[in-house]
Amino acid sequence: GGDPASIQLVSLSTTLATNALVEGQGAPVCLLLIGFQEQALDRAQLRDALGGDPVAFISGGHNALGSEQTPLDRAAVRAAVKAHGSQAAAFAIAGYFGARNPAHEIETREIVRDLSGLPVTCAHELASGLDAPRRALTTVLNARLIPFLQSLILSVRDTLDRLGIAAPLMVVKGDGSLMRDETALARPVETVLSGPAASVVGARVLSDMPSSDMVISDIGGTTTDIALLRGGRPVLSPDGAVVGGWRTMVEAVAVHTVGLGGDSEVRFQAPHKDARGITVGPRRALPLALLAQQYPETLAVLERQSSRTEPVEEAGRFALRLRPLDSGEAGLNRHEREVWAELADGPVSLEDLNGAHHLARPVARLIERGLVIHAAFTPTDAAHVLGRHDIWNRDAARLGAALGAARLARKQSADEVAEAVIEQVVQHSAEAIAGAVLADETGADLLRAGPSARILLDKALAPAGSASGSLLDIRLALTAPLVAIGAPAAAYYPAVAGRLGAALVVPEHAGVCNAVGAVAGDVSQTVTLTITAPGDLLYRVHAETGPKDFPELAQALAFAETHARGEALARARAAGAETAEMFLERAEKSADIGGGQSVFLEATITATAHGRPRIA
């Protein structure tokens, strides 16, 4: 009922990038590695991240001092673009020691843009660290995410236009700060953990404990994101965000993300394959209750499947289109095009797709690319079965539970299956929170520990009364409050807090905690410059425009500080800051050579500009 013209700022937090990495999705890319050998692919999981996407090795690159080691092979760049441009949605470029001298990355970027017109990401634009394979990995992930975020932001812009809202659009970064939508389109990987970062900021505001220690758990549709606040300040990841198993070079809140949410896909297996028979996550699925609400004809399919006496593995599961093609049908093989055509009019049961057409593998590939999504039984369906949710089609949820019971080969009711699914969510949530706290305090990975540790963890987090008859009872207790946020929090977290012996806080407006955090953050941009000493009486500043030499250290430091300040301020303004405060840090490394003397090795100048975003 408000006046759209009165809205002065729109800020968007998004789990899109996080979910894509957790679920192994992304648009096809081509990686251009300048000055690298092929064995570089075997570091930092770079080969795994590429999957089957093409990579071209280009002669060129620099050394640690920023000097050119080999001239750039421009002909090889042009050949790679012509060979792979039609299959790629974006290009990623990483040069050897490009953080010390980005000249070859910049020149390659211009060639790619001229020949293909596709989005291009250069490693030096995203990270200044020297871990070359991780820089390349971060660049690949960024390039993969560009079409995803572009689709989202364009949709949001269209919505704002339709509503008559003319306010600036901001996007939350993984460290909780904000950036303009144009900046986010070029650097989507910086929105990794955007959702949980906004939730951390919002939880601090809404919990009314602004300077306290707390454990924040944000349960959404696809993931549960756990973060710690020490003295009211979020703990940042010291080595870059880790999401979906990928260790990036993106600065972000230290969030422990697990593939567990209200829309996690539930798989039912016969007892001889899995003692529990029920697996929840990590992949997201459209709940059957929502599917039948949107596509009522699918209810008849579920009824037909549940009327059979023999269970079928793919019963209760559907495929449907999720978003438009990012590179046209030319990017699909023959079988993928067949699946895409089959789904043109709406969801199709996997039983029909796989049985009549043998299309299981192309369906899986389209899901990996984020073009298609499964619909299946989820914890949200379980909540519908038990009457804890009633917003969508409960009949579809009950049919899904009945099909799951048939797969389990047990005489269980729909309610019993739903209770078992909810128990899995509660147990896994408690395990994830305990593991996150221990990892922050000790560095130990509790969830990947040996069998003895797993047995102790299972006993410690088991439901009350389950230790009856045992000579050993173990309990865990959090010493800080557990702040639970996200739409499903109230449904699951009283039981989770009980397992952890924690004081539970569910803020009054927990359902919009993320949105509160999205507008409470500042714009923040950081620039780090390195100074090296490549020779006697020679000091080199490695800037993003290339290295610059000085005969005296004082001159190099003065230039670096001025340049870093100016660049940080320019980036903050470009990212949407109205005004910005500046913070400068200097760190120097030297070696003791005896006699009370030392020799300069390296210095870093870090400038951070932050301020509130511009408003309409």
# chains A, B, ... in the order shown; residues from 1 in each chain; ligands from 1
$ select_by_dssp --residues "stretch 64-195 of chain A" --states "strand (DSSP E)" --output "list of chain:residue names"
A:Ala90, A:Phe91, A:Ala92, A:Ile93, A:Ala94, A:Gly95, A:Val120, A:Thr121, A:Cys122, A:Leu169, A:Met170, A:Val171, A:Val172, A:Leu178, A:Met179, A:Arg180
$ write_last_selection --atoms "N, CA and C atoms" --output "PDB file, in the first residue's frame"
ATOM      1  N   ALA A  90      30.666 -17.462 -21.558  1.00  0.00           N
ATOM      2  CA  ALA A  90      31.563 -16.434 -21.023  1.00  0.00           C
ATOM      3  C   ALA A  90      32.995 -16.958 -21.087  1.00  0.00           C
ATOM      4  N   PHE A  91      33.964 -16.039 -21.017  1.00  0.00           N
ATOM      5  CA  PHE A  91      35.381 -16.386 -21.004  1.00  0.00           C
ATOM      6  C   PHE A  91      35.996 -16.016 -19.662  1.00  0.00           C
ATOM      7  N   ALA A  92      36.970 -16.831 -19.218  1.00  0.00           N
ATOM      8  CA  ALA A  92      37.757 -16.558 -18.020  1.00  0.00           C
ATOM      9  C   ALA A  92      39.224 -16.486 -18.424  1.00  0.00           C
ATOM     10  N   ILE A  93      39.944 -15.487 -17.926  1.00  0.00           N
ATOM     11  CA  ILE A  93      41.344 -15.273 -18.301  1.00  0.00           C
ATOM     12  C   ILE A  93      42.186 -15.187 -17.038  1.00  0.00           C
ATOM     13  N   ALA A  94      43.251 -15.980 -16.995  1.00  0.00           N
ATOM     14  CA  ALA A  94      44.189 -15.924 -15.873  1.00  0.00           C
ATOM     15  C   ALA A  94      45.605 -15.978 -16.418  1.00  0.00           C
ATOM     16  N   GLY A  95      46.422 -14.986 -16.068  1.00  0.00           N
ATOM     17  CA  GLY A  95      47.802 -14.927 -16.521  1.00  0.00           C
ATOM     18  C   GLY A  95      48.762 -15.267 -15.395  1.00  0.00           C
ATOM     19  N   VAL A 120      33.610 -11.312 -20.175  1.00  0.00           N
ATOM     20  CA  VAL A 120      34.983 -11.746 -19.911  1.00  0.00           C
ATOM     21  C   VAL A 120      35.341 -11.387 -18.472  1.00  0.00           C
ATOM     22  N   THR A 121      35.983 -12.316 -17.788  1.00  0.00           N
ATOM     23  CA  THR A 121      36.485 -12.064 -16.438  1.00  0.00           C
ATOM     24  C   THR A 121      37.984 -12.278 -16.409  1.00  0.00           C
ATOM     25  N   CYS A 122      38.722 -11.307 -15.872  1.00  0.00           N
ATOM     26  CA  CYS A 122      40.172 -11.439 -15.694  1.00  0.00           C
ATOM     27  C   CYS A 122      40.481 -11.675 -14.220  1.00  0.00           C
ATOM     28  N   LEU A 169      19.516   0.224  -7.339  1.00  0.00           N
ATOM     29  CA  LEU A 169      19.476  -1.195  -6.985  1.00  0.00           C
ATOM     30  C   LEU A 169      20.863  -1.624  -6.533  1.00  0.00           C
ATOM     31  N   MET A 170      20.961  -2.115  -5.307  1.00  0.00           N
ATOM     32  CA  MET A 170      22.204  -2.593  -4.741  1.00  0.00           C
ATOM     33  C   MET A 170      22.137  -4.106  -4.561  1.00  0.00           C
ATOM     34  N   VAL A 171      23.309  -4.739  -4.486  1.00  0.00           N
ATOM     35  CA  VAL A 171      23.406  -6.180  -4.262  1.00  0.00           C
ATOM     36  C   VAL A 171      24.384  -6.410  -3.113  1.00  0.00           C
ATOM     37  N   VAL A 172      24.064  -7.358  -2.242  1.00  0.00           N
ATOM     38  CA  VAL A 172      24.902  -7.650  -1.081  1.00  0.00           C
ATOM     39  C   VAL A 172      26.063  -8.546  -1.494  1.00  0.00           C
ATOM     40  N   LEU A 178      27.743  -3.684   0.349  1.00  0.00           N
ATOM     41  CA  LEU A 178      26.854  -3.537  -0.799  1.00  0.00           C
ATOM     42  C   LEU A 178      27.615  -3.074  -2.032  1.00  0.00           C
ATOM     43  N   MET A 179      27.055  -3.365  -3.205  1.00  0.00           N
ATOM     44  CA  MET A 179      27.583  -2.839  -4.462  1.00  0.00           C
ATOM     45  C   MET A 179      26.428  -2.631  -5.443  1.00  0.00           C
ATOM     46  N   ARG A 180      26.617  -1.707  -6.383  1.00  0.00           N
ATOM     47  CA  ARG A 180      25.599  -1.437  -7.392  1.00  0.00           C
ATOM     48  C   ARG A 180      25.364  -2.681  -8.239  1.00  0.00           C
TER      49      ARG A 180
END
$ select_by_dssp --residues "stretch 335-504 of chain A" --states "helix (DSSP H, G or I)" --output "PyMOL selection string"
chain A and resi 335-342+350-357+360-368+379-385+394-408+414-442+446-448+451-460+489-500
$ atom_distance --atom1 "atom CA of A:Ala489" --atom2 "atom CA of A:Ser217"
8.7 Å
$ residues_around --residues "stretch 123-129 of chain A" --least-positions-apart "4" --cutoff "8 Å" --atoms "only C-alpha atoms" --output "JSON, numbers by chain"
{"A": [92, 93, 94, 95, 98, 99, 102, 105, 135, 136, 138, 139, 187, 249, 250, 528, 544]}
$ closest_residue --among "A:Ala409, A:Ala143, A:Leu130, A:Ala480" --to "A:Gly277" --atoms "only C-alpha atoms"
A:Ala409
$ closest_residue --among "A:Pro324, A:Leu50, A:Pro4, A:Glu508" --to "A:Asp161" --atoms "only C-alpha atoms"
A:Pro4
$ residues_around --residues "A:Ala315" --least-positions-apart "4" --cutoff "12 Å" --atoms "only C-alpha atoms" --output "JSON, numbers by chain"
{"A": [267, 268, 288, 298, 301, 302, 303, 304, 305, 306, 307, 308, 310, 311, 319, 348, 349, 350, 351, 352, 353, 354, 355, 375, 376, 377, 399, 400, 401, 402, 403, 404, 405, 406, 407]}
$ closest_residue --among "A:Ala477, A:Ala510, A:Ala20, A:Ala575" --to "A:Gly245" --atoms "only C-alpha atoms"
A:Ala20
$ residues_around --residues "A:Ala103" --least-positions-apart "2" --cutoff "10 Å" --atoms "only C-alpha atoms" --output "number ranges by chain"
A: 61-62, 66, 68, 72, 95, 98-101, 105-109, 124, 544-547
$ write_last_selection --atoms "N, CA, C and O atoms" --output "CSV table (one decimal), in the first residue's frame"
chain,number,residue,atom,x,y,z
A,61,GLY,N,52.7,-14.4,-20.0
A,61,GLY,CA,52.9,-14.4,-18.6
A,61,GLY,C,54.1,-13.6,-18.1
A,61,GLY,O,54.9,-13.1,-18.9
A,62,HIS,N,54.2,-13.4,-16.8
A,62,HIS,CA,55.2,-12.6,-16.1
A,62,HIS,C,55.8,-13.4,-15.0
A,62,HIS,O,55.4,-14.5,-14.7
A,66,GLY,N,57.0,-9.0,-11.9
A,66,GLY,CA,56.1,-8.3,-12.8
A,66,GLY,C,56.8,-8.1,-14.2
A,66,GLY,O,56.2,-7.4,-15.0
A,68,GLU,N,57.9,-9.3,-17.9
A,68,GLU,CA,57.4,-10.3,-18.9
A,68,GLU,C,58.4,-11.4,-19.1
A,68,GLU,O,59.6,-11.2,-19.3
A,72,LEU,N,53.2,-12.3,-25.3
A,72,LEU,CA,51.8,-12.9,-25.4
A,72,LEU,C,51.6,-13.4,-26.8
A,72,LEU,O,51.9,-12.6,-27.8
A,95,GLY,N,46.4,-15.0,-16.1
A,95,GLY,CA,47.8,-14.9,-16.5
A,95,GLY,C,48.8,-15.3,-15.4
A,95,GLY,O,48.5,-15.0,-14.2
A,98,GLY,N,49.7,-12.6,-13.0
A,98,GLY,CA,48.9,-11.5,-13.5
A,98,GLY,C,48.6,-10.5,-12.3
A,98,GLY,O,48.3,-9.4,-12.6
A,99,ALA,N,48.7,-11.0,-11.1
A,99,ALA,CA,48.5,-10.1,-10.0
A,99,ALA,C,49.6,-9.1,-9.8
A,99,ALA,O,49.5,-8.0,-9.3
A,100,ARG,N,50.8,-9.4,-10.4
A,100,ARG,CA,52.0,-8.5,-10.3
A,100,ARG,C,52.1,-7.7,-11.6
A,100,ARG,O,52.6,-6.6,-11.6
A,101,ASN,N,51.5,-8.2,-12.7
A,101,ASN,CA,51.4,-7.4,-13.9
A,101,ASN,C,50.3,-7.9,-14.8
A,101,ASN,O,50.4,-9.0,-15.4
A,105,GLU,N,46.7,-10.2,-19.4
A,105,GLU,CA,45.3,-10.4,-19.1
A,105,GLU,C,44.4,-9.3,-19.8
A,105,GLU,O,43.4,-9.6,-20.4
A,106,ILE,N,44.8,-8.1,-19.6
A,106,ILE,CA,44.1,-7.0,-20.2
A,106,ILE,C,44.1,-7.0,-21.7
A,106,ILE,O,43.0,-6.9,-22.3
A,107,GLU,N,45.2,-7.3,-22.3
A,107,GLU,CA,45.3,-7.4,-23.8
A,107,GLU,C,44.4,-8.5,-24.3
A,107,GLU,O,43.7,-8.4,-25.3
A,108,THR,N,44.5,-9.7,-23.6
A,108,THR,CA,43.7,-10.8,-24.0
A,108,THR,C,42.2,-10.5,-23.9
A,108,THR,O,41.4,-10.9,-24.8
A,109,ARG,N,41.8,-9.8,-22.9
A,109,ARG,CA,40.4,-9.5,-22.7
A,109,ARG,C,39.9,-8.6,-23.8
A,109,ARG,O,38.8,-8.9,-24.3
A,124,HIS,N,43.0,-10.7,-12.4
A,124,HIS,CA,43.5,-9.6,-11.6
A,124,HIS,C,42.4,-8.7,-11.1
A,124,HIS,O,42.5,-7.9,-10.2
A,544,GLU,N,47.1,-2.2,-10.4
A,544,GLU,CA,46.2,-2.9,-11.3
A,544,GLU,C,46.4,-2.5,-12.8
A,544,GLU,O,46.0,-3.2,-13.7
A,545,THR,N,47.0,-1.3,-13.0
A,545,THR,CA,47.3,-0.8,-14.3
A,545,THR,C,48.7,-1.3,-14.8
A,545,THR,O,49.1,-1.0,-15.9
A,546,GLY,N,49.5,-1.9,-13.9
A,546,GLY,CA,50.8,-2.4,-14.3
A,546,GLY,C,51.8,-1.9,-13.3
A,546,GLY,O,51.5,-1.0,-12.5
A,547,PRO,N,53.0,-2.4,-13.3
A,547,PRO,CA,54.1,-2.0,-12.3
A,547,PRO,C,54.6,-0.6,-12.6
A,547,PRO,O,54.7,-0.2,-13.8
